[in-house]
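Participant: A single structure is presented below for examination.
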Amino acid sequence: MDSPASEAPSGKHIVLVHGGCHGGWSWYKVATRLRSAGHRVSTPDLAASGVDPRPLREVPTFRDYTKPLLDLLESLPSGEKVVLVGHSLGGVNIALASELFPEKVAVAVFLTAFMPDDRSPPSYVLEKFVEGKTLDWMDTEFKPQDPEGKLPISMLFGPLVTRANFYQLCSPEDLTLGMSLMRVGSMFVDDLRRQQPYTAARYGSVRKVFVVCKDDRAIVEGFQRWMIENYPVDEVKEIDGADHMALLSTPAELATCLADIAGKYA
């Protein structure tokens with residue numbers, strides 16, 4: 001439950017969007033700190049993620065996957081704007097949400113996240129990432145869900161890659177938590193390749209901040225910088241000592257960073 005402090009008039013509504021195979025649970029440390037500071041915080045589970053009851057095979061498109069976030073934004077009172085934060089694959093979710101509801105987004109924050117541009121299909125940054133071979137996928141499992149290949153390829157991070165490249169600076173307890181709660185997900189690359197680019201008039205009109213995690217071994221700093229060069233943002237912030245799971249490894253620094261962004265843009 002939100003504490004009474006969450007009703008503070010200076011508090012902003014911050015929506016935290018998880019990455020692939022994760023859920024709203026992954027924000028537990030950051031959400032707690034932001035609520036204690038007086039902000040209203042939402043941590044939706046995307047479709048087939050967290051405690052959402054759907055299996056992945058019932059989520060054929062990226063838009064279906066994003067629907068819980070889109071429903072949340074659609075339900076906001078007229079005139080309310082949120083600070084929209086996407087982690088990792090969640091960057092593409094917040095980009096789609098910004099394209100559909102630009103008037104409801106005060107600022108889109110990409111936390112070591114895939115950031116589409118407004119010139120290429122939204123799959124472009126994912127394809128460039130895979131081509132660049134900057135991540136050793138190790139024991140990640142990619143599997144077709146159906147013989148015809150109509151459903152998205154499934155993805156699940158194994159214990160080796162999770163420990164070495166995603167959670168390497170996290171506590172052993174958080175690694176155990178992550179391994180216990182992760183679910184089969186997808187990058188939805190084929191579906192995203194079929195979509196039109198998000199538009200300069202809508203997605204492009206939303207202010208953007210990119211938060212660079214300096215010790216990320218999954219989406220390495222060099223690729224984070226390439227995305228910023230490919231599609232410049234209003235502001236770049238950095239967190240030293242943050243691995244890919246900055247929301248678990250450096251939660252105090254990240255919460256302060258997000259509160260600062262909310263204060264400036266919302």
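Letters A, B, ... go to the chains of the structure tokens in the order shown; residues in each chain start at 1; ligands are counted from 1 in the same order.
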Please identify which residues in region 52-232 of chain A DSSP calls helix (DSSP H, G or I) from the backbone, and express them as JSON, numbers by chain.

Facilitator: {"A": [56, 57, 58, 62, 63, 64, 65, 66, 67, 68, 69, 70, 71, 72, 73, 74, 90, 91, 92, 93, 94, 95, 96, 97, 98, 99, 100, 102, 103, 104, 124, 125, 126, 127, 128, 129, 130, 131, 132, 159, 160, 161, 162, 163, 164, 165, 166, 172, 173, 174, 175, 176, 177, 178, 179, 180, 181, 189, 190, 191, 192, 193, 203, 204, 205, 221, 222, 223, 224, 225, 226, 227, 228, 229, 230]}

Participant: At most 10 Å is the cut-off: for each residue in region 100-192 of chain A with any atom that close to an atom of region 12-20 of chain A, write down the nearest atom pair and the distance in Å rounded to one decimal, counting only C-alpha atoms, chain first then increasing number, as a tab-separated table.

Facilitator:
```
residue	atom	partner	partner_atom	distance
A:Val105	CA	A:Val15	CA	9.9
A:Ala106	CA	A:His13	CA	9.9
A:Val107	CA	A:Ile14	CA	9.9
A:Ala108	CA	A:Val15	CA	9.8
A:Val109	CA	A:Leu16	CA	9.4
A:Phe110	CA	A:Val17	CA	9.9
A:Leu111	CA	A:Val17	CA	9.9
A:Ala113	CA	A:Gly19	CA	8.3
A:Phe114	CA	A:Gly19	CA	9.8
A:Met155	CA	A:Gly20	CA	8.5
A:Leu156	CA	A:Gly20	CA	8.8
A:Phe157	CA	A:Gly20	CA	9.4
A:Met182	CA	A:Gly20	CA	8.8
A:Arg183	CA	A:Gly20	CA	8.7
A:Val184	CA	A:Gly20	CA	8.5
A:Gly185	CA	A:Gly20	CA	5.9
A:Ser186	CA	A:Gly20	CA	6.8
A:Met187	CA	A:Gly20	CA	7.2
```

Participant: Determine which residues of region 169-259 of chain A receive a DSSP assignment of strand (DSSP E), computed from the backbone, and state them as a list of chain:residue names.

Facilitator: A:Lys208, A:Val209, A:Phe210, A:Val211, A:Val212, A:Cys213, A:Glu235, A:Val236, A:Lys237, A:Glu238, A:Ile239

Participant: Interatomic distance between CA of Val92 (chain A) and CA of Gly11 (chain A)?

Facilitator: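 Between CA of Val92 (chain A) and CA of Gly11 (chain A) the gap works out to 26.0 Å.
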
Participant: Within 6 Å of region 225-236 of chain A, counting only C-alpha atoms, which residues qualify if same-chain residues fewer than 3 places away don't, as a VMD selection string?

Facilitator: chain A and resid 117 208 to 211 222

Participant: Using only C-alpha atoms, which of A:Tyr265, A:Lys150, A:Trp137, A:Ala255 sits nearest Gly38 (chain A)?

Facilitator: A:Ala255

Participant: Report as CSV the residues of region 14-58 of chain A within 12 Å of region 74-91 of chain A, each with its shortest atom pair and distance in Å (one decimal), using only C-alpha atoms, ordered by chain and increasing residue number.

Facilitator:
```
residue,atom,partner,partner_atom,distance
A:Ile14,CA,A:Val83,CA,4.6
A:Val15,CA,A:Leu84,CA,5.0
A:Leu16,CA,A:Val85,CA,4.9
A:Val17,CA,A:Gly86,CA,4.7
A:His18,CA,A:His87,CA,5.5
A:Gly19,CA,A:Gly90,CA,4.7
A:Gly20,CA,A:Leu89,CA,5.6
A:Cys21,CA,A:Leu89,CA,9.4
A:His22,CA,A:Gly90,CA,9.9
A:Gly23,CA,A:Gly90,CA,10.4
A:Gly24,CA,A:His87,CA,10.8
A:Ser26,CA,A:His87,CA,10.1
A:Trp27,CA,A:His87,CA,9.8
A:Val30,CA,A:Val85,CA,11.6
A:Ala31,CA,A:Val85,CA,11.7
A:His39,CA,A:Val83,CA,10.6
A:Arg40,CA,A:Val82,CA,9.7
A:Val41,CA,A:Val83,CA,9.5
A:Ser42,CA,A:Leu84,CA,9.7
A:Thr43,CA,A:Val85,CA,9.8
A:Pro44,CA,A:Gly90,CA,11.3
A:Asp45,CA,A:Gly90,CA,11.0
A:Leu46,CA,A:Gly90,CA,9.4
A:Ser49,CA,A:Gly90,CA,11.9
```

Participant: With C-alpha atoms retained, export the selected residues as a PDB file, in the first residue's frame.

Facilitator:
```pdb
ATOM      1  CA  ILE A  14       6.286   7.461 -11.826  1.00  0.00           C
ATOM      2  CA  VAL A  15       5.580   4.346 -13.899  1.00  0.00           C
ATOM      3  CA  LEU A  16       8.378   1.744 -13.797  1.00  0.00           C
ATOM      4  CA  VAL A  17       8.421  -0.768 -16.661  1.00  0.00           C
ATOM      5  CA  HIS A  18      10.412  -3.994 -16.292  1.00  0.00           C
ATOM      6  CA  GLY A  19      12.642  -5.726 -18.832  1.00  0.00           C
ATOM      7  CA  GLY A  20      12.379  -9.076 -20.607  1.00  0.00           C
ATOM      8  CA  CYS A  21      11.667 -12.204 -18.506  1.00  0.00           C
ATOM      9  CA  HIS A  22      11.204  -9.984 -15.430  1.00  0.00           C
ATOM     10  CA  GLY A  23       8.155  -8.383 -13.792  1.00  0.00           C
ATOM     11  CA  GLY A  24       7.085  -5.416 -11.729  1.00  0.00           C
ATOM     12  CA  SER A  26      12.146  -6.271 -10.041  1.00  0.00           C
ATOM     13  CA  TRP A  27      11.527  -2.632  -9.030  1.00  0.00           C
ATOM     14  CA  VAL A  30      13.410   1.543  -6.155  1.00  0.00           C
ATOM     15  CA  ALA A  31       9.615   1.698  -5.771  1.00  0.00           C
ATOM     16  CA  HIS A  39       5.919   9.850  -5.162  1.00  0.00           C
ATOM     17  CA  ARG A  40       3.103   7.738  -6.537  1.00  0.00           C
ATOM     18  CA  VAL A  41       4.617   4.648  -8.174  1.00  0.00           C
ATOM     19  CA  SER A  42       3.128   2.069 -10.546  1.00  0.00           C
ATOM     20  CA  THR A  43       5.009  -1.123 -11.456  1.00  0.00           C
ATOM     21  CA  PRO A  44       2.782  -2.920 -13.975  1.00  0.00           C
ATOM     22  CA  ASP A  45       3.401  -6.508 -14.994  1.00  0.00           C
ATOM     23  CA  LEU A  46       3.433  -6.706 -18.785  1.00  0.00           C
ATOM     24  CA  SER A  49       5.214 -11.425 -16.988  1.00  0.00           C
TER      25      SER A  49
END
```

Participant: For Leu151 (chain A), find every residue with an atom within 12 Å (counting only C-alpha atoms), except residues of its own chain fewer than 3 positions away, and show them as number ranges by chain.

Facilitator: A: 56-62, 143-148, 154, 185-191

Participant: Excluding Lys128 (chain A) and residues on its chain fewer than 3 positions from it, collect all residues at most 12 Å away from it, counting only C-alpha atoms, and give them as a PyMOL selection string.

Facilitator: chain A and resi 114-116+120-125+131-135+189+219+223-224+226-227+230

Participant: Of the candidates A:Met245, A:Val212, A:Ala97, A:Val220, which shows the shortest atom-to-atom distance to Phe166 (chain A), using only C-alpha atoms?

Facilitator: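 Checking each candidate against Phe166 (chain A), we get A:Met245 as the closest.
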
Participant: Give the answer as one residue: which of A:Arg207, A:Arg217, A:His244, A:Arg194 has the shortest atom-to-atom distance to Ala262 (chain A), using only C-alpha atoms?

Facilitator: A:Arg207

Participant: With only C-alpha atoms as the basis for distance, which of A:Ile261, A:Leu34, A:Ala266, A:Ala164 is at the shortest distance from Leu247 (chain A)?

Facilitator: A:Leu34

Participant: My list of candidates is A:Leu100, A:Val161, A:Ala37, A:Leu70. Which is closest to Gly263 (chain A) when distances are computed with only C-alpha atoms?

Facilitator: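 The closest residue to Gly263 (chain A) is A:Ala37.
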